[in-house]
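K.L.:
One structure is given below, represented as structure tokens, and several questions about it will come after.
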There are 2 protein chains.
Amino acid sequence: MAQNKTIKDIARALGISKSTVSRALADRFDVKPETKKAVLEMAEKMHYRPNLFAQNLIKRRTKIIGVVVPEFINSFFARIIIQIQRVFEREGFHVLITQCNESAEAERRNLQLLEESMAEGILISVTEKGRNTDYYRALIDSGIPLVFFNRASADVAASRVVIDDYKWAFFAVEHLIAVRREMGQPMPRIMHFQGPSEIELAGLRYRGYADALRKHGLPVDSSLVVRCESITREEGARMMERCIAQELIPDALFGFNDPLAIGAMKVLKRKGFRIPQQVSVMGFTESQSALITEPMLSSVAQPLDRMGETAAQLLLEKIQHPAAENRTVVLEGVLNIRGSSDPKMLENE
Amino acid sequence: MAQNKTIKDIARALGISKSTVSRALADRFDVKPETKKAVLEMAEKMHYRPNLFAQNLIKRRTKIIGVVVPEFINSFFARIIIQIQRVFEREGFHVLITQCNESAEAERRNLQLLEESMAEGILISVTEKGRNTDYYRALIDSGIPLVFFNRASADVAASRVVIDDYKWAFFAVEHLIAVRREMGQPMPRIMHFQGPSEIELAGLRYRGYADALRKHGLPVDSSLVVRCESITREEGARMMERCIAQELIPDALFGFNDPLAIGAMKVLKRKGFRIPQQVSVMGFTESQSALITEPMLSSVAQPLDRMGETAAQLLLEKIQHPAAENRTVVLEGVLNIRGSSDPKMLENE
DNA sequence: AGCGTTCCCGAAAACGTTCCCGACGATTTT
DNA sequence: AAAATCGTCGGGAACGTTTTCGGGAACGCT
């Protein structure tokens with residue numbers, strides 16, 4: 001239907017050659033202003049759209065960069081992506097977003113699509129399970145720069161931007177210890193809802209938790225470390241119900257992420273425990289929901305905007321100077337202390 | 001770096017012609033099995049990737065479909081997109097997602113990108129303000145099928161899938177009236193937080209609200225209709241504070257969406273009003289957060305999965321049969337009644 | 001008048017692929 | 001034995017651009 005207009009149609013209509021039309025459209029210096037104007041008008045009139053495929057075929061650039069994320073239902077990645085788009089659109093790139101539902105095969109398919117679309121660079125946050133490490137390397141070797149953000153593959157040589165999960169988990173737990181001691185508990189029992197072991201970050205946050213306990217002279221009690229199979233609110237509720245059934249009530253809870261903490265908090269409240277007077281609760285990876293709960297949830301916020309922006313910058317650097325060496329940027333988090341952990345904060349809410 | 005391998009490289013390495021290689025890769029019947037095998041092995045060995053641009057240039061199909069959404073930070077569109085991807089990937093299409101931050105110019109740019117990338121079809125939920133109506137029509141005229149979902153442009157002939165916002169707003173308000181009457185208030189004062197007038201849906205939901213009042217013999221009191229400038233939690237809180245300052249306390253509140261209702265509910269609770277005993281609250285467009293508030297928020301849920309799936313199906317239909325006539329699918333919503341509006345629901349939480 | 005410049009433009013190759021057409025030997029049919 | 005068919009392959013045009021190269025016209029200069 002309505003066969004697309006080509007450069008040749010314009011040339012024919014104007015009685016000039018297609019080379020001239022091409023030059024006019026590219027706003028080259030060596031074409032007479034009148035001709036240029038005529039071409040532009042005719043192009044407009046014919047609703048001419050350049051064929052990107054023909055263009056990309058001959059220029060070696062596609063001006064496409066690809067993004068691969070595990071999911072974007074949680075607004076976490078969505079926020080990052082927005083920044084990525086902002087940076088690249090300013091530079092005249094198109095951003096192609098793919099999403100793989102935490103599936104390694106889907107991730108592989110997406111990478112393949114991006115490779116075939118000749119993306120000039122790829123930004124990726126890897127899936128929980130199953131690493132496509134070999135593919136990451138193959139892409140880099142074949143000249144497509146790759147930058148990790150948030151979740152990185154440890155043994156691939158590439159730029160990355162992450163936060164120091166160990167450190168911020170450590171800080172979070174230190175805060176819990178301090179606040180419970182202020183409340184007159186010298187040896188508080190701090191529970192941890194640990195993320196699934198396939199997530200590399202789960203181990204890091206656990207180590208931060210354990211080391212904070214040790215530093216402050218508290219035992220690391222394995223019955224207080226609860227392994228969660230997923231990282232949803234439902235799982236948090238389920239696990240807390242199980243703990244309560246076993247009469248295992250901690251003085252504070254450090255969740256792997258916000259949903260786990262929120263689910264647990266809800267169950268605690270329903271069972272009549274007062275937050276934070278009886279149990280202090282703390283999440284990780286600030287989500288929108290942290291401000292909705294009552295009391296509001298303390299959490300570690302990650303600078304998503306800066307993460308997206310720096311990841312984009314690192315990739316841009318690689319694209320413009322392929323020889324640039326790999327850089328690892330570690331961003332700082334923020335410990336947002338609210339009513340769920342600290343009674344002093346309650347009055348502000 | 002590492003110039004990509006082409007079909008010609010394979011041909012040269014095997015001492016055969018590139019036509020044969022092309023046919024072998026396409027698994028055509030007229031090439032000897034041994035040759036086929038040799039070609040495939042060599043392709044694998046050389047890490048050959050077909051050049052999509054060259055392919056698309058000559059075949060007239062791109063197998064790309066484009067999605068344009070106003071934002072995907074709210075998980076609302078994210079959920080829809082996941083279904084869209086599911087449908088199209090099963091059919092061998094690639095889904096290209098773009099996002100325009102509620103900006104009409106960005107929307108236009110995205111459409112243009114999709115047009116130039118020769119997308120075979122476009123799924124779109126239009127931005128709040130500034131309609132690119134002319135562009136929608138131009139795309140359709142030039143043979144690119146377009147399907148609206150959720151937010152549609154009224155005066156463009158295209159398939160669409162929406163819910164009946166009028167009807168479900170009506171039901172929501174009927175519920176509020178009924179529940180207040182059960183509580184012994186024959187003439188409850190129902191407030192509405194109305195969305196910005198640029199959003200077409202805001203008008204529909206308001207009409208549903210007003211007609212429900214009228215049907216049940218209640219006056220439509222304009223002082224109870226609050227115009228909000230944005231649709232965020234902060235705005236909901238701000239507006240409710242203003243109402244309370246004016247000592248304007250309704251018996252029930254129907255919010256244009258969940259964030260507005262949640263913000264308002266939070267302020268009400270802080271000021272000491274009991275939900276739902278003193279004020280019943282109801283949202284719209286079920287969000288994750290509705291389950292987090294206490295009490296949980298009553299809301300109208302939209303079947304996001306079905307919406308994504310049907311939108312995709314409608315587009316697929318248009319792609320496969322360009323002459324297919326436009327269809328409008330109106331999906332049913334669900335009235336989720338929870339503790340924020342109905343005291344009877346409180347015990348389940 | 002001759003020469004060099006400058007300005008504008010056209011011809012044609014190239015990008016990597018698909019596909020039509022024809023060629024060739026081998027096999028089968030008449 | 002000649003003709004038709006079959007299986008396999010190569011040559012080359014085409015897709016819509018960009019870009020290199022070269023050439024003609026107009027101009028100013030000696």
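Going by the structure tokens order, chains are called A, B, ..., each with residues numbered from 1, while ligands are numbered from 1 in the order shown.
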For chain C against chain B, with a cut-off of 12 Å and counting only C-alpha atoms (C1' of nucleotides), what is the closest atom pair and its distance in Å to one decimal for every residue that makes the cut, ordered by chain and number, as JSON lines?
P.N.:
{"residue": "C:DC15", "atom": "C1'", "partner": "B:Ala54", "partner_atom": "CA", "distance": 8.0}
{"residue": "C:DG16", "atom": "C1'", "partner": "B:Ala54", "partner_atom": "CA", "distance": 5.1}
{"residue": "C:DT17", "atom": "C1'", "partner": "B:Ala54", "partner_atom": "CA", "distance": 5.0}
{"residue": "C:DT18", "atom": "C1'", "partner": "B:Ile58", "partner_atom": "CA", "distance": 6.5}
{"residue": "C:DC19", "atom": "C1'", "partner": "B:Ser19", "partner_atom": "CA", "distance": 8.8}
{"residue": "C:DC20", "atom": "C1'", "partner": "B:Ser19", "partner_atom": "CA", "distance": 11.3}
K.L.:
Give the helix (DSSP H, G or I) residues of stretch 98-309 of chain A, as DSSP finds them on the backbone, and put them as a PyMOL selection string.
P.N.:
chain A and resi 104-116+133-141+165-182+200-215+222-224+233-245+258-270+288-291+304-309
K.L.:
Give as an MDAnalysis selection string every residue of chain B that touches chain A within 8 Å, counting only C-alpha atoms.
P.N.:
chainID B and resid 1:2 4 49:54 56:57 72:76 78:79 95:98 116:118 142:143 262 270 289 292:294 349
K.L.:
Create the file for the chosen residues now, containing N, CA and C atoms and written as a compact mmCIF listing (two decimals), in the first residue's frame.
P.N.:
# COMPACT_ATOMS: atom_id res chain seq x y z
N MET B 1 36.75 -2.51 14.09
CA MET B 1 37.33 -3.69 14.76
C MET B 1 36.64 -4.96 14.30
N ALA B 2 37.43 -5.98 14.10
CA ALA B 2 36.91 -7.31 13.77
C ALA B 2 35.71 -7.24 12.82
N ASN B 4 32.68 -7.42 10.68
CA ASN B 4 31.70 -8.50 10.70
C ASN B 4 31.80 -9.40 9.48
N ARG B 49 26.77 -13.37 11.60
CA ARG B 49 25.45 -12.82 11.95
C ARG B 49 24.90 -12.14 10.71
N PRO B 50 23.72 -12.51 10.29
CA PRO B 50 23.16 -11.83 9.11
C PRO B 50 23.01 -10.34 9.39
N ASN B 51 23.20 -9.56 8.40
CA ASN B 51 23.01 -8.12 8.53
C ASN B 51 21.53 -7.80 8.34
N LEU B 52 20.89 -7.44 9.45
CA LEU B 52 19.45 -7.22 9.42
C LEU B 52 19.08 -6.11 8.45
N PHE B 53 19.95 -5.15 8.30
CA PHE B 53 19.60 -4.00 7.46
C PHE B 53 19.55 -4.41 6.00
N ALA B 54 20.53 -5.19 5.62
CA ALA B 54 20.52 -5.68 4.25
C ALA B 54 19.30 -6.55 4.01
N ASN B 56 16.40 -6.52 5.62
CA ASN B 56 15.17 -5.75 5.62
C ASN B 56 15.03 -4.89 4.38
N LEU B 57 16.18 -4.49 3.88
CA LEU B 57 16.15 -3.64 2.69
C LEU B 57 15.50 -4.38 1.53
N PHE B 72 6.65 4.54 31.98
CA PHE B 72 6.44 3.19 32.50
C PHE B 72 7.01 3.09 33.91
N ILE B 73 6.89 4.18 34.61
CA ILE B 73 7.42 4.17 35.96
C ILE B 73 6.37 3.61 36.91
N ASN B 74 5.15 3.56 36.45
CA ASN B 74 4.06 3.22 37.34
C ASN B 74 3.61 1.77 37.31
N SER B 75 4.36 0.94 36.64
CA SER B 75 4.09 -0.49 36.54
C SER B 75 2.81 -0.77 35.77
N PHE B 76 2.00 0.28 35.61
CA PHE B 76 0.76 0.12 34.88
C PHE B 76 1.07 -0.29 33.44
N ALA B 78 3.99 -1.03 32.26
CA ALA B 78 4.96 -2.13 32.23
C ALA B 78 4.24 -3.47 32.12
N ARG B 79 3.18 -3.62 32.90
CA ARG B 79 2.44 -4.88 32.86
C ARG B 79 1.81 -5.13 31.50
N VAL B 95 9.81 -6.44 19.59
CA VAL B 95 9.05 -5.33 20.13
C VAL B 95 9.97 -4.20 20.56
N LEU B 96 9.73 -3.05 19.99
CA LEU B 96 10.56 -1.89 20.26
C LEU B 96 9.75 -0.94 21.15
N ILE B 97 10.27 -0.66 22.32
CA ILE B 97 9.51 0.13 23.27
C ILE B 97 10.04 1.56 23.34
N THR B 98 9.16 2.51 23.26
CA THR B 98 9.59 3.89 23.45
C THR B 98 8.70 4.53 24.49
N GLU B 116 10.37 5.38 10.56
CA GLU B 116 11.61 5.22 9.79
C GLU B 116 12.20 3.84 9.95
N SER B 117 12.00 3.25 11.11
CA SER B 117 12.48 1.89 11.31
C SER B 117 11.56 0.90 10.62
N MET B 118 10.57 1.45 9.93
CA MET B 118 9.64 0.62 9.19
C MET B 118 8.96 -0.41 10.08
N SER B 142 -0.56 5.83 5.49
CA SER B 142 0.61 5.32 4.76
C SER B 142 0.75 3.82 4.94
N GLY B 143 -0.22 3.22 5.58
CA GLY B 143 -0.25 1.76 5.60
C GLY B 143 0.32 1.11 6.85
N ILE B 262 -4.53 7.71 47.82
CA ILE B 262 -3.61 7.32 48.89
C ILE B 262 -3.07 8.55 49.61
N ARG B 270 -3.70 11.14 59.40
CA ARG B 270 -2.82 11.91 60.28
C ARG B 270 -3.63 12.93 61.08
N SER B 289 0.29 -0.39 45.12
CA SER B 289 0.25 0.26 46.43
C SER B 289 -1.07 0.06 47.14
N ILE B 292 -0.91 -2.06 50.09
CA ILE B 292 0.06 -1.74 51.13
C ILE B 292 -0.53 -0.82 52.19
N THR B 293 -1.45 0.02 51.77
CA THR B 293 -1.99 0.98 52.71
C THR B 293 -2.79 0.26 53.80
N GLU B 294 -3.01 0.98 54.90
CA GLU B 294 -3.84 0.42 55.96
C GLU B 294 -4.90 1.43 56.35
N GLU B 349 -8.14 -8.23 56.84
CA GLU B 349 -6.82 -7.73 56.48
C GLU B 349 -5.66 -8.12 57.39
K.L.:
Sorted by chain and rising residue number, list the residues of chain D at most 7 Å from chain B (counting only C-alpha atoms (C1' of nucleotides)), each with its closest atom pair and distance in Å to one decimal, as JSON lines.
P.N.:
{"residue": "D:DT8", "atom": "C1'", "partner": "B:Val31", "partner_atom": "CA", "distance": 6.0}
{"residue": "D:DC9", "atom": "C1'", "partner": "B:Thr20", "partner_atom": "CA", "distance": 6.8}
{"residue": "D:DG10", "atom": "C1'", "partner": "B:Ser17", "partner_atom": "CA", "distance": 6.1}
{"residue": "D:DC15", "atom": "C1'", "partner": "B:Ile58", "partner_atom": "CA", "distance": 4.6}
K.L.:
Take the residues from that selection and write them out as an mmCIF file, in the first residue's frame, keeping C-alpha atoms (C1' of nucleotides).
P.N.:
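Output contents, as saved in selection.cif:
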data_model
loop_
_atom_site.group_PDB
_atom_site.id
_atom_site.type_symbol
_atom_site.label_atom_id
_atom_site.label_comp_id
_atom_site.auth_asym_id
_atom_site.auth_seq_id
_atom_site.Cartn_x
_atom_site.Cartn_y
_atom_site.Cartn_z
ATOM 1 C "C1'" DT D 8 22.425 -28.380 -7.713
ATOM 2 C "C1'" DC D 9 24.691 -24.339 -8.345
ATOM 3 C "C1'" DG D 10 26.572 -19.526 -10.176
ATOM 4 C "C1'" DC D 15 16.598 -2.937 -2.545
#
K.L.:
So that I can check the surroundings of A:Asn348, please list as a PyMOL selection string every protein, DNA and RNA residue that reaches within 12 Å of it, counting only C-alpha atoms (C1' of nucleotides) and ignoring chain neighbours fewer than 2 positions away.
P.N.:
(chain A and resi 294-296+337-339+342-346) or (chain B and resi 270)
K.L.:
For those residues, write N, CA and C atoms to a file as an mmCIF file, in the first residue's frame.
P.N.:
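The file below, again-v9.cif, is the result:
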data_model
loop_
_atom_site.group_PDB
_atom_site.id
_atom_site.type_symbol
_atom_site.label_atom_id
_atom_site.label_comp_id
_atom_site.auth_asym_id
_atom_site.auth_seq_id
_atom_site.Cartn_x
_atom_site.Cartn_y
_atom_site.Cartn_z
ATOM 1 N N GLU A 294 2.806 2.474 56.979
ATOM 2 C CA GLU A 294 2.745 3.198 58.247
ATOM 3 C C GLU A 294 3.223 2.300 59.363
ATOM 4 N N PRO A 295 4.265 2.672 60.056
ATOM 5 C CA PRO A 295 5.084 3.849 59.768
ATOM 6 C C PRO A 295 5.835 3.708 58.441
ATOM 7 N N MET A 296 6.374 4.795 57.953
ATOM 8 C CA MET A 296 7.099 4.740 56.693
ATOM 9 C C MET A 296 8.358 3.897 56.856
ATOM 10 N N ILE A 337 16.319 7.047 57.119
ATOM 11 C CA ILE A 337 15.803 6.531 58.386
ATOM 12 C C ILE A 337 14.425 7.111 58.639
ATOM 13 N N ARG A 338 13.460 6.203 58.791
ATOM 14 C CA ARG A 338 12.087 6.657 58.981
ATOM 15 C C ARG A 338 11.484 5.937 60.191
ATOM 16 N N GLY A 339 10.184 6.047 60.291
ATOM 17 C CA GLY A 339 9.518 5.546 61.495
ATOM 18 C C GLY A 339 9.556 4.039 61.687
ATOM 19 N N ASP A 342 13.011 3.729 63.686
ATOM 20 C CA ASP A 342 13.436 4.650 64.740
ATOM 21 C C ASP A 342 12.241 5.432 65.295
ATOM 22 N N PRO A 343 11.909 5.229 66.555
ATOM 23 C CA PRO A 343 10.729 5.891 67.145
ATOM 24 C C PRO A 343 10.827 7.416 67.060
ATOM 25 N N LYS A 344 12.051 7.938 67.092
ATOM 26 C CA LYS A 344 12.201 9.395 67.042
ATOM 27 C C LYS A 344 11.650 9.982 65.746
ATOM 28 N N MET A 345 11.581 9.159 64.742
ATOM 29 C CA MET A 345 11.136 9.652 63.433
ATOM 30 C C MET A 345 9.612 9.680 63.308
ATOM 31 N N LEU A 346 8.963 9.033 64.241
ATOM 32 C CA LEU A 346 7.510 8.870 64.084
ATOM 33 C C LEU A 346 6.761 10.193 64.021
ATOM 34 N N ARG B 270 -3.697 11.137 59.403
ATOM 35 C CA ARG B 270 -2.822 11.915 60.275
ATOM 36 C C ARG B 270 -3.626 12.928 61.079
#
K.L.:
Do a neighbour search on B:Val179 at 12 Å with only C-alpha atoms (C1' of nucleotides), toss out local chain neighbours closer than 3 positions, and write the hits as a VMD selection string.
P.N.:
chain B and resid 172 to 176 182 to 188 190 251 to 252 276 to 282 337 to 345
K.L.:
Would you mind exporting N, CA and C atoms of the selected residues as a short mmCIF file (atom, residue, chain, number, x, y, z; two decimals), in the first residue's frame?
P.N.:
data_model
loop_
_atom_site.label_atom_id
_atom_site.label_comp_id
_atom_site.auth_asym_id
_atom_site.auth_seq_id
_atom_site.Cartn_x
_atom_site.Cartn_y
_atom_site.Cartn_z
N ALA B 172 -18.22 2.58 41.14
CA ALA B 172 -17.42 2.87 42.33
C ALA B 172 -18.18 3.82 43.25
N VAL B 173 -18.80 4.83 42.65
CA VAL B 173 -19.50 5.81 43.46
C VAL B 173 -20.79 5.22 44.02
N GLU B 174 -21.44 4.39 43.24
CA GLU B 174 -22.62 3.70 43.77
C GLU B 174 -22.27 2.90 45.02
N HIS B 175 -21.11 2.25 44.95
CA HIS B 175 -20.67 1.49 46.12
C HIS B 175 -20.49 2.40 47.33
N LEU B 176 -19.85 3.55 47.08
CA LEU B 176 -19.62 4.47 48.19
C LEU B 176 -20.94 4.92 48.81
N GLU B 182 -25.58 2.25 54.46
CA GLU B 182 -25.59 1.15 55.42
C GLU B 182 -25.15 1.62 56.79
N MET B 183 -24.25 2.61 56.79
CA MET B 183 -23.72 3.11 58.04
C MET B 183 -24.63 4.19 58.63
N GLY B 184 -25.81 4.32 58.03
CA GLY B 184 -26.78 5.22 58.63
C GLY B 184 -26.72 6.65 58.14
N GLN B 185 -26.13 6.86 56.95
CA GLN B 185 -26.12 8.22 56.41
C GLN B 185 -26.96 8.25 55.14
N PRO B 186 -28.18 8.66 55.20
CA PRO B 186 -29.05 8.63 54.02
C PRO B 186 -28.55 9.57 52.92
N MET B 187 -27.95 10.67 53.28
CA MET B 187 -27.51 11.64 52.28
C MET B 187 -26.00 11.90 52.41
N PRO B 188 -25.18 10.90 52.11
CA PRO B 188 -23.75 11.08 52.30
C PRO B 188 -23.17 12.13 51.35
N ILE B 190 -20.32 12.92 49.06
CA ILE B 190 -19.25 12.20 48.38
C ILE B 190 -18.37 13.19 47.64
N ASP B 251 -17.98 12.49 53.56
CA ASP B 251 -18.21 11.17 54.13
C ASP B 251 -17.50 10.10 53.32
N ALA B 252 -17.20 10.46 52.08
CA ALA B 252 -16.48 9.50 51.24
C ALA B 252 -15.71 10.28 50.18
N PRO B 276 -12.37 3.29 57.55
CA PRO B 276 -13.45 3.94 56.80
C PRO B 276 -14.59 4.45 57.68
N GLN B 277 -14.46 4.31 59.02
CA GLN B 277 -15.59 4.64 59.87
C GLN B 277 -16.09 6.06 59.63
N GLN B 278 -15.14 7.02 59.54
CA GLN B 278 -15.58 8.39 59.32
C GLN B 278 -15.61 8.76 57.84
N VAL B 279 -14.59 8.32 57.12
CA VAL B 279 -14.51 8.63 55.69
C VAL B 279 -14.18 7.36 54.91
N SER B 280 -14.99 7.07 53.91
CA SER B 280 -14.67 5.96 53.01
C SER B 280 -13.84 6.49 51.84
N VAL B 281 -12.81 5.72 51.46
CA VAL B 281 -11.94 6.19 50.38
C VAL B 281 -11.88 5.14 49.29
N MET B 282 -11.84 5.63 48.07
CA MET B 282 -11.84 4.72 46.91
C MET B 282 -10.93 5.29 45.83
N ILE B 337 -13.34 -4.20 46.56
CA ILE B 337 -13.78 -3.51 47.76
C ILE B 337 -12.95 -3.98 48.95
N ARG B 338 -12.30 -3.03 49.58
CA ARG B 338 -11.43 -3.37 50.70
C ARG B 338 -11.75 -2.48 51.90
N GLY B 339 -10.86 -2.50 52.86
CA GLY B 339 -11.14 -1.82 54.12
C GLY B 339 -11.24 -0.31 54.07
N SER B 340 -10.69 0.31 53.03
CA SER B 340 -10.68 1.77 53.02
C SER B 340 -12.07 2.35 52.78
N SER B 341 -12.97 1.52 52.26
CA SER B 341 -14.30 2.04 52.01
C SER B 341 -15.36 1.34 52.85
N ASP B 342 -15.11 0.07 53.16
CA ASP B 342 -16.17 -0.73 53.76
C ASP B 342 -15.70 -1.38 55.08
N PRO B 343 -16.29 -0.99 56.19
CA PRO B 343 -15.86 -1.52 57.49
C PRO B 343 -15.93 -3.05 57.56
N LYS B 344 -16.89 -3.62 56.83
CA LYS B 344 -17.04 -5.08 56.87
C LYS B 344 -15.79 -5.80 56.37
N MET B 345 -15.01 -5.11 55.55
CA MET B 345 -13.84 -5.73 54.96
C MET B 345 -12.63 -5.70 55.89
#
K.L.:
Distance atom CA of A:Arg306-atom CA of A:Ala152, one decimal place?
P.N.:
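About the pair atom CA of A:Arg306 and atom CA of A:Ala152: they are 16.6 Å apart.
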K.L.:
Write out as a list in words each polymer residue whose atoms come within 12 Å of C:DA13, counting only C-alpha atoms (C1' of nucleotides); drop sequence neighbours fewer than 6 positions from it.
P.N.:
Ile58 of chain A; DT18, DT19, DT20 and DC21 of chain D
K.L.:
If I take atom CA of B:Gln313 and atom CA of B:Asn150, how far is one from the other in Å, to one decimal?
P.N.:
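Separating atom CA of B:Gln313 from atom CA of B:Asn150 is a distance of 14.7 Å.
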K.L.:
Counting only C-alpha atoms, figure out which residue out of A:Leu335, A:Ala323, A:Ala106, A:Lys271 gets nearest to B:Arg86.
P.N.:
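Between A:Leu335, A:Ala323, A:Ala106, A:Lys271, the residue approaching B:Arg86 most closely is A:Ala106.
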K.L.:
Residues near C:DT6, anyone? I mean within 12 Å using only C-alpha atoms (C1' of nucleotides), not counting same-chain ones fewer than 4 positions away, as a PyMOL selection string.
P.N.:
(chain A and resi 30) or (chain D and resi 25-28)
K.L.:
I need the residues from that last selection saved to file as a compact mmCIF listing (two decimals), in the first residue's frame (with N, CA and C atoms (P, O5', C5', C4', C3', O3' and C1' of nucleotides)), if you can.
P.N.:
# COMPACT_ATOMS: atom_id res chain seq x y z
N ASP A 30 27.80 21.72 -1.08
CA ASP A 30 27.95 21.86 -2.53
C ASP A 30 26.66 21.63 -3.30
P DA D 25 29.03 23.02 -20.79
O5' DA D 25 28.77 24.24 -19.79
C5' DA D 25 27.66 24.17 -18.89
C4' DA D 25 27.82 25.23 -17.83
C3' DA D 25 28.14 26.62 -18.37
O3' DA D 25 27.30 27.55 -17.70
C1' DA D 25 29.73 26.02 -16.74
P DA D 26 27.04 28.99 -18.33
O5' DA D 26 27.71 29.92 -17.24
C5' DA D 26 27.32 29.74 -15.87
C4' DA D 26 28.35 30.39 -14.97
C3' DA D 26 28.78 31.79 -15.42
O3' DA D 26 28.66 32.68 -14.32
C1' DA D 26 30.68 30.44 -14.98
P DC D 27 28.68 34.26 -14.60
O5' DC D 27 30.04 34.65 -13.91
C5' DC D 27 30.31 34.19 -12.58
C4' DC D 27 31.81 34.21 -12.34
C3' DC D 27 32.51 35.48 -12.82
O3' DC D 27 32.66 36.38 -11.72
C1' DC D 27 33.82 33.47 -13.15
P DG D 28 33.18 37.86 -12.03
O5' DG D 28 34.73 37.70 -11.72
C5' DG D 28 35.16 37.12 -10.48
C4' DG D 28 36.65 36.84 -10.54
C3' DG D 28 37.50 38.07 -10.91
O3' DG D 28 38.62 38.15 -10.03
C1' DG D 28 37.96 36.28 -12.40
